[in-house]
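Asks: So here's protein-v6.csv (CSV, C-alpha atoms).
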```
chain,number,residue,atom,x,y,z
Q,1358,MET,CA,-16.1,-13.0,21.2
Q,1359,ASP,CA,-19.4,-11.3,20.9
Q,1360,ILE,CA,-18.6,-8.2,23.0
Q,1361,GLU,CA,-17.6,-5.5,20.6
Q,1362,GLN,CA,-16.2,-2.2,21.2
Q,1363,THR,CA,-17.8,0.2,18.8
Q,1364,SER,CA,-16.4,3.5,19.7
Q,1365,ASP,CA,-13.7,4.8,22.0
Q,1366,THR,CA,-15.8,7.8,22.9
Q,1367,GLU,CA,-18.3,5.8,24.9
Q,1368,THR,CA,-18.7,5.9,28.6
Q,1369,GLU,CA,-16.0,4.6,30.9
Q,1370,ASP,CA,-18.1,1.6,31.8
Q,1371,SER,CA,-18.1,0.2,28.3
Q,1372,ASN,CA,-14.4,0.9,28.0
Q,1373,ASN,CA,-13.8,-1.3,31.0
Q,1374,ILE,CA,-15.0,-4.2,28.9
Q,1375,ASN,CA,-11.8,-6.3,29.2
Q,1376,LEU,CA,-11.7,-6.6,32.9
Q,1377,THR,CA,-15.4,-7.2,33.2
Q,1378,ASP,CA,-15.3,-10.1,30.9
Q,1379,PRO,CA,-14.8,-13.0,33.3
Q,1380,VAL,CA,-13.8,-15.6,30.8
Q,1381,TYR,CA,-11.1,-13.3,29.4
Q,1382,LEU,CA,-9.9,-12.2,32.8
Q,1383,LYS,CA,-9.6,-15.8,34.0
Q,1384,GLU,CA,-7.6,-16.8,30.9
Q,1385,LEU,CA,-5.4,-13.8,31.3
Q,1386,ARG,CA,-4.8,-14.5,35.0
Q,1387,VAL,CA,-3.8,-18.1,34.3
Q,1388,LEU,CA,-1.2,-17.0,31.8
Q,1389,MET,CA,0.1,-14.4,34.1
Q,1390,LEU,CA,0.4,-16.7,37.0
Q,1391,LYS,CA,2.1,-19.4,35.0
Q,1392,PHE,CA,4.7,-16.9,33.8
Q,1393,ALA,CA,5.2,-15.2,37.2
Q,1394,THR,CA,5.6,-18.6,38.9
Q,1395,GLN,CA,8.2,-19.7,36.4
Q,1396,GLN,CA,10.2,-16.5,36.9
Q,1397,LEU,CA,10.0,-16.1,40.6
Q,1398,ARG,CA,9.9,-19.8,41.7
Q,1399,ASP,CA,7.6,-18.8,44.5
Q,1400,GLU,CA,3.8,-19.1,44.3
Q,1401,ALA,CA,3.0,-16.5,46.9
Q,1402,LEU,CA,5.3,-13.9,45.4
Q,1403,ALA,CA,3.9,-14.8,41.9
Q,1404,GLU,CA,0.3,-14.4,43.2
Q,1405,ASP,CA,1.2,-11.0,44.7
Q,1406,ALA,CA,2.8,-9.8,41.5
Q,1407,VAL,CA,-0.1,-10.9,39.4
Q,1408,GLN,CA,-2.6,-9.3,41.8
Q,1409,GLU,CA,-0.7,-6.0,41.8
Q,1410,ALA,CA,-0.4,-6.0,38.0
Q,1411,LEU,CA,-4.1,-6.6,37.6
Q,1412,ILE,CA,-5.0,-3.9,40.1
Q,1413,GLY,CA,-2.6,-1.5,38.3
Q,1414,ALA,CA,-4.3,-2.4,35.1
Q,1415,LEU,CA,-7.7,-1.9,36.5
Q,1416,LYS,CA,-6.9,1.7,37.4
Q,1417,ASN,CA,-6.2,2.2,33.7
Q,1418,ALA,CA,-8.9,0.0,32.3
Q,1419,GLY,CA,-10.7,3.0,30.9
Q,1420,SER,CA,-7.9,3.5,28.5
Q,1421,PHE,CA,-8.4,0.3,26.6
Q,1422,ASN,CA,-10.8,-0.8,23.9
Q,1423,ARG,CA,-9.3,-4.0,22.8
Q,1424,HIS,CA,-8.3,-7.2,24.4
Q,1425,SER,CA,-4.8,-7.3,22.9
Q,1426,ALA,CA,-4.0,-3.8,24.2
Q,1427,MET,CA,-5.2,-4.9,27.6
Q,1428,LYS,CA,-3.0,-8.0,27.5
Q,1429,THR,CA,0.0,-6.0,26.4
Q,1430,TRP,CA,-0.5,-3.5,29.1
Q,1431,VAL,CA,-1.1,-6.1,31.9
Q,1432,PHE,CA,2.0,-8.1,30.9
Q,1433,ALA,CA,4.1,-4.9,30.7
Q,1434,ILE,CA,3.0,-4.2,34.3
Q,1435,LEU,CA,3.7,-7.7,35.3
Q,1436,LYS,CA,7.1,-7.7,33.7
Q,1437,ASN,CA,8.0,-4.7,35.8
Q,1438,LYS,CA,6.6,-6.2,39.0
Q,1439,ILE,CA,8.7,-9.3,38.4
Q,1440,ALA,CA,11.8,-7.3,37.6
Q,1441,ASP,CA,11.3,-5.4,40.9
Q,1442,VAL,CA,10.9,-8.5,42.9
Q,1443,LEU,CA,13.9,-10.1,41.3
Q,1444,ARG,CA,16.0,-6.9,41.9
Q,1445,LYS,CA,15.0,-6.6,45.5
Q,1446,ARG,CA,15.3,-10.2,46.4
Q,1447,GLN,CA,18.4,-11.4,48.2
Q,1448,ARG,CA,20.7,-13.5,46.1
Q,1449,THR,CA,19.1,-16.9,45.8
Q,1450,VAL,CA,21.1,-20.1,46.2
Q,1451,GLU,CA,20.3,-22.0,43.1
Q,1452,ALA,CA,23.7,-21.9,41.4
Q,1453,SER,CA,24.1,-25.6,42.0
Q,1454,HIS,CA,20.7,-26.3,40.5
Q,1455,LEU,CA,21.5,-24.4,37.4
Q,1456,LEU,CA,25.0,-25.9,37.1
Q,1457,ARG,CA,23.6,-29.3,37.3
Q,1458,ASP,CA,21.2,-28.6,34.5
Q,1459,ASN,CA,24.2,-27.2,32.5
Q,1460,GLU,CA,26.4,-30.2,33.1
Q,1461,ASP,CA,24.0,-32.9,32.2
Q,1462,GLY,CA,22.6,-30.6,29.5
Q,1463,GLU,CA,21.7,-32.3,26.3
Q,1464,ASN,CA,24.3,-33.6,24.0
Q,1465,LEU,CA,25.1,-31.4,21.1
Q,1466,ASP,CA,26.2,-34.3,19.1
Q,1467,GLU,CA,22.8,-34.4,17.4
Q,1468,LEU,CA,23.5,-31.0,15.9
Q,1469,PHE,CA,27.3,-31.1,15.4
Q,1470,ASN,CA,29.6,-33.9,14.2
Q,1471,SER,CA,32.7,-34.9,16.1
Q,1472,LYS,CA,34.7,-32.1,14.6
Q,1473,GLY,CA,32.1,-29.5,15.7
Q,1474,PHE,CA,30.7,-28.8,12.2
Q,1475,TRP,CA,27.0,-28.9,11.5
Q,1476,GLN,CA,25.5,-32.3,10.8
Q,1477,VAL,CA,24.2,-32.1,7.2
Q,1478,ASP,CA,20.5,-32.3,8.0
Q,1479,GLU,CA,20.9,-29.9,11.0
Q,1480,ARG,CA,22.4,-27.0,9.2
Q,1481,PRO,CA,20.3,-23.9,9.7
Q,1482,ALA,CA,18.4,-22.8,6.6
Q,1483,ALA,CA,17.5,-19.3,5.6
Q,1484,TRP,CA,14.3,-18.0,7.1
Q,1485,SER,CA,12.4,-15.9,4.6
Q,1486,GLN,CA,10.8,-12.7,6.0
Q,1487,PRO,CA,10.6,-14.1,9.6
Q,1488,MET,CA,9.1,-10.9,11.0
Q,1489,GLU,CA,6.0,-11.4,8.9
Q,1490,SER,CA,5.2,-14.3,11.2
Q,1491,VAL,CA,4.3,-12.0,14.0
Q,1492,LYS,CA,0.9,-11.4,12.4
Q,1493,ASN,CA,0.1,-15.1,12.4
Q,1494,ASP,CA,-1.7,-16.7,15.4
Q,1495,HIS,CA,-0.6,-20.1,14.4
Q,1496,PHE,CA,3.0,-18.9,14.5
Q,1497,TRP,CA,2.6,-17.8,18.1
Q,1498,ARG,CA,1.2,-21.2,19.1
Q,1499,VAL,CA,4.3,-22.8,17.6
Q,1500,PHE,CA,6.5,-20.3,19.3
Q,1501,GLU,CA,4.9,-21.0,22.7
Q,1502,THR,CA,5.2,-24.7,22.2
Q,1503,CYS,CA,8.9,-24.4,21.3
Q,1504,LEU,CA,9.5,-22.2,24.4
Q,1505,SER,CA,7.7,-24.7,26.7
Q,1506,GLY,CA,9.7,-27.5,25.2
Q,1507,LEU,CA,12.9,-26.0,26.5
Q,1508,PRO,CA,14.4,-27.4,29.7
Q,1509,GLU,CA,13.0,-25.4,32.6
Q,1510,ASN,CA,16.1,-23.5,33.5
Q,1511,GLN,CA,16.9,-22.6,30.0
Q,1512,SER,CA,13.4,-21.3,29.4
Q,1513,ARG,CA,13.5,-19.4,32.6
Q,1514,LEU,CA,16.8,-17.7,31.8
Q,1515,PHE,CA,15.8,-17.0,28.2
Q,1516,MET,CA,12.6,-15.3,29.3
Q,1517,MET,CA,14.4,-13.4,32.1
Q,1518,ARG,CA,16.8,-12.1,29.5
Q,1519,GLU,CA,14.7,-11.6,26.5
Q,1520,PHE,CA,11.2,-11.0,27.8
Q,1521,ILE,CA,11.7,-9.3,31.1
Q,1522,GLU,CA,14.9,-7.8,29.6
Q,1523,LEU,CA,17.1,-7.9,32.6
Q,1524,ASP,CA,20.7,-7.6,31.6
Q,1525,SER,CA,23.3,-10.4,31.9
Q,1526,ALA,CA,25.0,-8.8,34.9
Q,1527,GLU,CA,21.7,-8.5,36.8
Q,1528,ILE,CA,20.7,-12.0,36.2
Q,1529,CYS,CA,24.1,-13.4,37.2
Q,1530,GLU,CA,24.1,-11.4,40.4
Q,1531,LYS,CA,20.6,-12.3,41.4
Q,1532,LEU,CA,20.9,-16.0,40.7
Q,1533,SER,CA,24.6,-16.3,41.8
Q,1534,ILE,CA,25.7,-17.8,38.5
Q,1535,THR,CA,28.7,-16.9,36.5
Q,1536,THR,CA,28.5,-15.0,33.2
Q,1537,SER,CA,29.9,-17.9,31.3
Q,1538,ASN,CA,27.3,-20.2,32.9
Q,1539,LEU,CA,24.5,-17.8,31.9
Q,1540,HIS,CA,25.9,-17.5,28.4
Q,1541,VAL,CA,26.1,-21.2,27.8
Q,1542,MET,CA,22.5,-21.6,29.0
Q,1543,LEU,CA,21.3,-18.9,26.7
Q,1544,TYR,CA,23.3,-20.4,23.9
Q,1545,ARG,CA,21.6,-23.8,24.4
Q,1546,ALA,CA,18.2,-22.2,24.7
Q,1547,ARG,CA,18.7,-20.3,21.4
Q,1548,LEU,CA,20.1,-23.4,19.7
Q,1549,ARG,CA,17.0,-25.4,20.6
Q,1550,LEU,CA,14.5,-22.7,20.0
Q,1551,ARG,CA,15.9,-21.9,16.7
Q,1552,GLU,CA,15.8,-25.5,15.7
Q,1553,CYS,CA,12.3,-26.0,16.9
Q,1554,LEU,CA,11.0,-22.9,15.0
Q,1555,GLU,CA,12.8,-23.9,11.9
Q,1556,ASN,CA,11.4,-27.5,12.0
Q,1557,HIS,CA,7.9,-26.5,12.9
Q,1558,TRP,CA,7.4,-23.3,11.1
Q,1559,PHE,CA,10.1,-21.8,8.9
Q,1560,SER,CA,11.0,-24.9,6.9
Q,1561,GLU,CA,7.4,-25.5,6.1
Q,1562,GLY,CA,7.1,-22.1,4.6
Q,1563,GLU,CA,4.9,-19.4,5.9
Q,1564,LYS,CA,1.3,-20.4,6.5
Q,1565,PRO,CA,-1.5,-18.5,5.0
C,621,MET,CA,39.9,-22.2,12.2
C,622,MET,CA,36.9,-22.2,14.4
C,623,ASN,CA,34.3,-24.9,14.0
C,624,CYS,CA,30.5,-24.3,13.8
C,625,GLN,CA,30.0,-25.2,17.4
C,626,GLN,CA,32.4,-22.5,18.5
C,627,VAL,CA,31.1,-20.0,16.0
C,628,THR,CA,27.5,-20.4,17.0
C,629,ARG,CA,28.4,-20.0,20.6
C,630,LEU,CA,30.1,-16.7,19.7
C,631,LEU,CA,27.1,-15.6,17.6
C,632,SER,CA,24.9,-16.2,20.6
C,633,ASP,CA,27.4,-14.4,22.9
C,634,ALA,CA,27.3,-11.4,20.5
C,635,GLN,CA,23.7,-10.8,21.8
C,636,GLU,CA,25.2,-10.5,25.3
C,637,ARG,CA,28.6,-8.7,25.0
C,638,GLN,CA,30.8,-6.8,22.6
C,639,LEU,CA,33.0,-9.3,20.8
C,640,SER,CA,36.7,-8.6,20.5
C,641,LEU,CA,38.2,-7.6,17.2
C,642,LYS,CA,39.8,-11.1,16.9
C,643,GLU,CA,36.5,-12.8,17.6
C,644,ARG,CA,34.7,-10.7,15.0
C,645,ALA,CA,37.4,-11.4,12.4
C,646,ALA,CA,37.1,-15.1,13.0
C,647,LEU,CA,33.4,-15.0,12.7
C,648,LYS,CA,33.6,-13.1,9.5
C,649,VAL,CA,36.0,-15.6,7.9
C,650,HIS,CA,33.9,-18.6,9.0
C,651,THR,CA,30.5,-17.2,8.0
C,652,MET,CA,31.7,-16.2,4.6
C,653,MET,CA,32.2,-19.9,3.9
C,654,CYS,CA,29.4,-21.4,6.0
C,655,SER,CA,25.8,-20.7,5.1
C,656,GLY,CA,24.6,-22.6,8.2
C,657,CYS,CA,26.4,-20.3,10.6
C,658,ARG,CA,25.5,-17.3,8.5
C,659,ASN,CA,21.8,-18.2,8.8
C,660,PHE,CA,22.2,-18.9,12.5
C,661,GLY,CA,23.7,-15.5,13.0
C,662,LYS,CA,20.8,-13.7,11.4
C,663,GLN,CA,18.4,-15.9,13.4
C,664,MET,CA,19.9,-14.8,16.7
C,665,SER,CA,18.7,-11.2,16.3
C,666,THR,CA,15.5,-12.5,14.8
C,667,LEU,CA,14.9,-14.6,18.0
C,668,ARG,CA,15.4,-11.5,20.1
C,669,LYS,CA,13.0,-9.4,17.9
C,670,LEU,CA,10.4,-12.1,17.9
C,671,THR,CA,10.5,-12.5,21.7
C,672,HIS,CA,10.1,-8.7,22.1
C,673,GLU,CA,7.1,-8.9,19.8
C,674,TYR,CA,5.8,-11.7,22.0
C,675,ALA,CA,6.3,-9.5,25.0
C,676,LYS,CA,4.3,-6.8,23.4
C,677,GLY,CA,1.4,-9.1,23.2
C,678,THR,CA,1.0,-9.1,19.5
C,679,GLN,CA,0.0,-12.7,19.7
C,680,GLY,CA,-3.2,-12.2,21.5
C,681,GLU,CA,-4.8,-10.0,18.9
C,682,LYS,CA,-6.8,-12.4,16.8
C,683,ASN,CA,-7.8,-14.7,19.7
C,684,HIS,CA,-9.8,-12.0,21.3
C,685,GLU,CA,-10.6,-9.6,18.6
C,686,GLY,CA,-11.6,-10.3,15.1
C,687,THR,CA,-11.2,-7.0,13.3
C,688,ALA,CA,-9.0,-4.4,14.9
C,689,ASP,CA,-5.8,-3.5,13.2
C,690,ASN,CA,-4.7,-0.2,14.4
C,691,ASP,CA,-2.4,-0.2,17.3
C,692,ASP,CA,-3.3,3.1,18.5
C,693,ASP,CA,-5.9,2.3,21.1
C,694,ARG,CA,-3.8,2.7,24.2
C,695,ARG,CA,-4.1,6.2,25.3
C,696,ASP,CA,-2.0,6.8,28.4
```
Translate the structure described by the file into structure tokens.
Replies:
Amino acid sequence: MDIEQTSDTETEDSNNINLTDPVYLKELRVLMLKFATQQLRDEALAEDAVQEALIGALKNAGSFNRHSAMKTWVFAILKNKIADVLRKRQRTVEASHLLRDNEDGENLDELFNSKGFWQVDERPAAWSQPMESVKNDHFWRVFETCLSGLPENQSRLFMMREFIELDSAEICEKLSITTSNLHVMLYRARLRLRECLENHWFSEGEKP
Amino acid sequence: MMNCQQVTRLLSDAQERQLSLKERAALKVHTMMCSGCRNFGKQMSTLRKLTHEYAKGTQGEKNHEGTADNDDDRRD
């Protein structure tokens, strides 16, 4: 990036740098749309939410002098928009869809033996200083890859719970699924995500 | 005694609901002896923290900005 913000006391125009950088804006929009579509399962609603979030962000664009701050802010707005839509929306009939995913969900035999104890080579290892990884770009690429490797429904529920931060009760009500159904899906998502992060990041030690 | 599959399920559920006294006791006994489940338990809260960091957008920093390291530039 050759656009540099040198001082936050400059004119508003130069503070609007993020949203006038077409390449960045385009990238950001693609990310937002992908996420909103996954959560809402409706392209038109997703478009609207993204549009509104970007407009909301534009109003405040003068307050930013860094791309990451911009991204944070825009995603925070988008998160709220999605939460609003999900809350307002009528219950959706997708329980059967989610249940099916649950039923033919992957076999846990790969992880546990017939008695339900860890397979020797699957036993979780200790992660040393895991929160140090947040500073590392490569880690976030691994994280995203692991997330996108989850089955669609697991990833959607996990993000709804942990990223949008709806609570369990809200998710169950909106999607007409039972608490135990949600919990088992979150459990599977966490099992997989944990395993993926360990295999591709934590067991290889922290990268420089 | 609970096996690892049951214990890991409870450790995940602990992120969602208050476990009963009985459940917590069973977890304690198991994790005392099982390093795999002990690690798994710690990783459950780590996963949540990491995802919150992800939501905060920490990950975009270096892609678009080479130098900044203070987080104080949002003034609203």
Asks: Near chain C, meaning an atom within 9 Å, which residues of chain Q appear when counting all atoms listed in the file? Write them as a PyMOL selection string.
Replies: chain Q and resi 1358+1361+1365+1381+1417+1420-1430+1432-1433+1436+1465+1468-1469+1472-1475+1479-1484+1487-1488+1490-1494+1496-1498+1516+1519-1522+1524-1525+1540-1541+1543-1545+1547-1548+1550-1551
Asks: Nearest to Q:Phe1559: which of Q:Val1387, Q:Val1499, Q:Leu1443, Q:Val1431 is it, counting all atoms listed in the file?
Replies: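 That would be Q:Val1499, the residue with the smallest distance to Q:Phe1559.
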Asks: One decimal, in Å: what's the spacing between atom CA of Q:Arg1446 and atom CA of Q:Leu1397?
Replies: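 Between atom CA of Q:Arg1446 and atom CA of Q:Leu1397 the gap works out to 9.8 Å.
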Asks: Can you measure atom CA of C:Ser640 to atom CA of Q:Ser1533 for me? One decimal in Å is fine.
Replies: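 So the two atoms, atom CA of C:Ser640 and atom CA of Q:Ser1533, lie 25.7 Å apart.
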Asks: Atom CA of Q:Leu1388 and atom CA of Q:Leu1411, how far apart in Å?
Replies: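 Spanning atom CA of Q:Leu1411 to atom CA of Q:Leu1388 is a straight-line distance of 12.3 Å.
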Asks: Just add N, CA and C atoms to stretch 1467-1498 of chain Q and send it as a PDB file, keeping the file's coordinate frame.
Replies:
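So result-v4.pdb came out as:
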```
ATOM      1  N   GLU Q1467      23.909 -34.328  18.425  1.00  0.00           N
ATOM      2  CA  GLU Q1467      22.800 -34.400  17.400  1.00  0.00           C
ATOM      3  C   GLU Q1467      22.956 -33.334  16.382  1.00  0.00           C
ATOM      4  N   LEU Q1468      23.472 -32.188  16.834  1.00  0.00           N
ATOM      5  CA  LEU Q1468      23.500 -31.000  15.900  1.00  0.00           C
ATOM      6  C   LEU Q1468      24.880 -30.952  15.204  1.00  0.00           C
ATOM      7  N   PHE Q1469      25.943 -31.281  15.926  1.00  0.00           N
ATOM      8  CA  PHE Q1469      27.300 -31.100  15.400  1.00  0.00           C
ATOM      9  C   PHE Q1469      27.994 -32.474  15.266  1.00  0.00           C
ATOM     10  N   ASN Q1470      28.847 -32.616  14.270  1.00  0.00           N
ATOM     11  CA  ASN Q1470      29.600 -33.900  14.200  1.00  0.00           C
ATOM     12  C   ASN Q1470      30.827 -33.814  15.104  1.00  0.00           C
ATOM     13  N   SER Q1471      31.635 -34.836  15.062  1.00  0.00           N
ATOM     14  CA  SER Q1471      32.700 -34.900  16.100  1.00  0.00           C
ATOM     15  C   SER Q1471      33.739 -33.811  15.898  1.00  0.00           C
ATOM     16  N   LYS Q1472      33.793 -33.209  14.738  1.00  0.00           N
ATOM     17  CA  LYS Q1472      34.700 -32.100  14.600  1.00  0.00           C
ATOM     18  C   LYS Q1472      34.088 -30.750  14.895  1.00  0.00           C
ATOM     19  N   GLY Q1473      32.807 -30.797  15.278  1.00  0.00           N
ATOM     20  CA  GLY Q1473      32.100 -29.500  15.700  1.00  0.00           C
ATOM     21  C   GLY Q1473      31.517 -28.801  14.501  1.00  0.00           C
ATOM     22  N   PHE Q1474      31.360 -29.462  13.366  1.00  0.00           N
ATOM     23  CA  PHE Q1474      30.700 -28.800  12.200  1.00  0.00           C
ATOM     24  C   PHE Q1474      29.242 -29.334  12.148  1.00  0.00           C
ATOM     25  N   TRP Q1475      28.381 -28.546  11.539  1.00  0.00           N
ATOM     26  CA  TRP Q1475      27.000 -28.900  11.500  1.00  0.00           C
ATOM     27  C   TRP Q1475      26.791 -30.304  10.856  1.00  0.00           C
ATOM     28  N   GLN Q1476      25.933 -31.108  11.451  1.00  0.00           N
ATOM     29  CA  GLN Q1476      25.500 -32.300  10.800  1.00  0.00           C
ATOM     30  C   GLN Q1476      24.698 -31.833   9.544  1.00  0.00           C
ATOM     31  N   VAL Q1477      24.820 -32.558   8.446  1.00  0.00           N
ATOM     32  CA  VAL Q1477      24.200 -32.100   7.200  1.00  0.00           C
ATOM     33  C   VAL Q1477      22.766 -31.691   7.319  1.00  0.00           C
ATOM     34  N   ASP Q1478      21.982 -32.542   7.987  1.00  0.00           N
ATOM     35  CA  ASP Q1478      20.500 -32.300   8.000  1.00  0.00           C
ATOM     36  C   ASP Q1478      20.169 -31.303   9.176  1.00  0.00           C
ATOM     37  N   GLU Q1479      21.148 -30.812   9.893  1.00  0.00           N
ATOM     38  CA  GLU Q1479      20.900 -29.900  11.000  1.00  0.00           C
ATOM     39  C   GLU Q1479      21.307 -28.450  10.651  1.00  0.00           C
ATOM     40  N   ARG Q1480      21.911 -28.288   9.514  1.00  0.00           N
ATOM     41  CA  ARG Q1480      22.400 -27.000   9.200  1.00  0.00           C
ATOM     42  C   ARG Q1480      21.305 -25.954   9.023  1.00  0.00           C
ATOM     43  N   PRO Q1481      21.419 -24.826   9.734  1.00  0.00           N
ATOM     44  CA  PRO Q1481      20.300 -23.900   9.700  1.00  0.00           C
ATOM     45  C   PRO Q1481      20.036 -23.350   8.274  1.00  0.00           C
ATOM     46  N   ALA Q1482      18.773 -23.294   7.934  1.00  0.00           N
ATOM     47  CA  ALA Q1482      18.400 -22.800   6.600  1.00  0.00           C
ATOM     48  C   ALA Q1482      18.036 -21.315   6.740  1.00  0.00           C
ATOM     49  N   ALA Q1483      17.909 -20.686   5.587  1.00  0.00           N
ATOM     50  CA  ALA Q1483      17.500 -19.300   5.600  1.00  0.00           C
ATOM     51  C   ALA Q1483      16.049 -19.154   5.918  1.00  0.00           C
ATOM     52  N   TRP Q1484      15.673 -18.209   6.777  1.00  0.00           N
ATOM     53  CA  TRP Q1484      14.300 -18.000   7.100  1.00  0.00           C
ATOM     54  C   TRP Q1484      13.832 -16.784   6.223  1.00  0.00           C
ATOM     55  N   SER Q1485      12.819 -17.005   5.427  1.00  0.00           N
ATOM     56  CA  SER Q1485      12.400 -15.900   4.600  1.00  0.00           C
ATOM     57  C   SER Q1485      11.414 -14.997   5.327  1.00  0.00           C
ATOM     58  N   GLN Q1486      11.707 -13.730   5.386  1.00  0.00           N
ATOM     59  CA  GLN Q1486      10.800 -12.700   6.000  1.00  0.00           C
ATOM     60  C   GLN Q1486      10.260 -13.180   7.371  1.00  0.00           C
ATOM     61  N   PRO Q1487      11.129 -13.501   8.292  1.00  0.00           N
ATOM     62  CA  PRO Q1487      10.600 -14.100   9.600  1.00  0.00           C
ATOM     63  C   PRO Q1487       9.713 -13.139  10.348  1.00  0.00           C
ATOM     64  N   MET Q1488       9.910 -11.824  10.216  1.00  0.00           N
ATOM     65  CA  MET Q1488       9.100 -10.900  11.000  1.00  0.00           C
ATOM     66  C   MET Q1488       7.653 -10.828  10.529  1.00  0.00           C
ATOM     67  N   GLU Q1489       7.423 -11.374   9.333  1.00  0.00           N
ATOM     68  CA  GLU Q1489       6.000 -11.400   8.900  1.00  0.00           C
ATOM     69  C   GLU Q1489       5.189 -12.365   9.723  1.00  0.00           C
ATOM     70  N   SER Q1490       5.866 -13.312  10.364  1.00  0.00           N
ATOM     71  CA  SER Q1490       5.200 -14.300  11.200  1.00  0.00           C
ATOM     72  C   SER Q1490       4.419 -13.735  12.350  1.00  0.00           C
ATOM     73  N   VAL Q1491       4.856 -12.552  12.800  1.00  0.00           N
ATOM     74  CA  VAL Q1491       4.300 -12.000  14.000  1.00  0.00           C
ATOM     75  C   VAL Q1491       2.761 -11.756  13.865  1.00  0.00           C
ATOM     76  N   LYS Q1492       2.324 -11.672  12.618  1.00  0.00           N
ATOM     77  CA  LYS Q1492       0.900 -11.400  12.400  1.00  0.00           C
ATOM     78  C   LYS Q1492       0.072 -12.678  12.447  1.00  0.00           C
ATOM     79  N   ASN Q1493       0.756 -13.792  12.523  1.00  0.00           N
ATOM     80  CA  ASN Q1493       0.100 -15.100  12.400  1.00  0.00           C
ATOM     81  C   ASN Q1493      -0.145 -15.769  13.734  1.00  0.00           C
ATOM     82  N   ASP Q1494      -1.392 -15.990  14.083  1.00  0.00           N
ATOM     83  CA  ASP Q1494      -1.700 -16.700  15.400  1.00  0.00           C
ATOM     84  C   ASP Q1494      -1.080 -18.025  15.473  1.00  0.00           C
ATOM     85  N   HIS Q1495      -1.102 -18.751  14.363  1.00  0.00           N
ATOM     86  CA  HIS Q1495      -0.600 -20.100  14.400  1.00  0.00           C
ATOM     87  C   HIS Q1495       0.926 -20.072  14.743  1.00  0.00           C
ATOM     88  N   PHE Q1496       1.608 -19.072  14.207  1.00  0.00           N
ATOM     89  CA  PHE Q1496       3.000 -18.900  14.500  1.00  0.00           C
ATOM     90  C   PHE Q1496       3.251 -18.824  16.021  1.00  0.00           C
ATOM     91  N   TRP Q1497       2.428 -18.003  16.673  1.00  0.00           N
ATOM     92  CA  TRP Q1497       2.600 -17.800  18.100  1.00  0.00           C
ATOM     93  C   TRP Q1497       2.324 -19.051  18.908  1.00  0.00           C
ATOM     94  N   ARG Q1498       1.465 -19.890  18.393  1.00  0.00           N
ATOM     95  CA  ARG Q1498       1.200 -21.200  19.100  1.00  0.00           C
ATOM     96  C   ARG Q1498       2.474 -22.060  18.957  1.00  0.00           C
TER      97      ARG Q1498
END
```
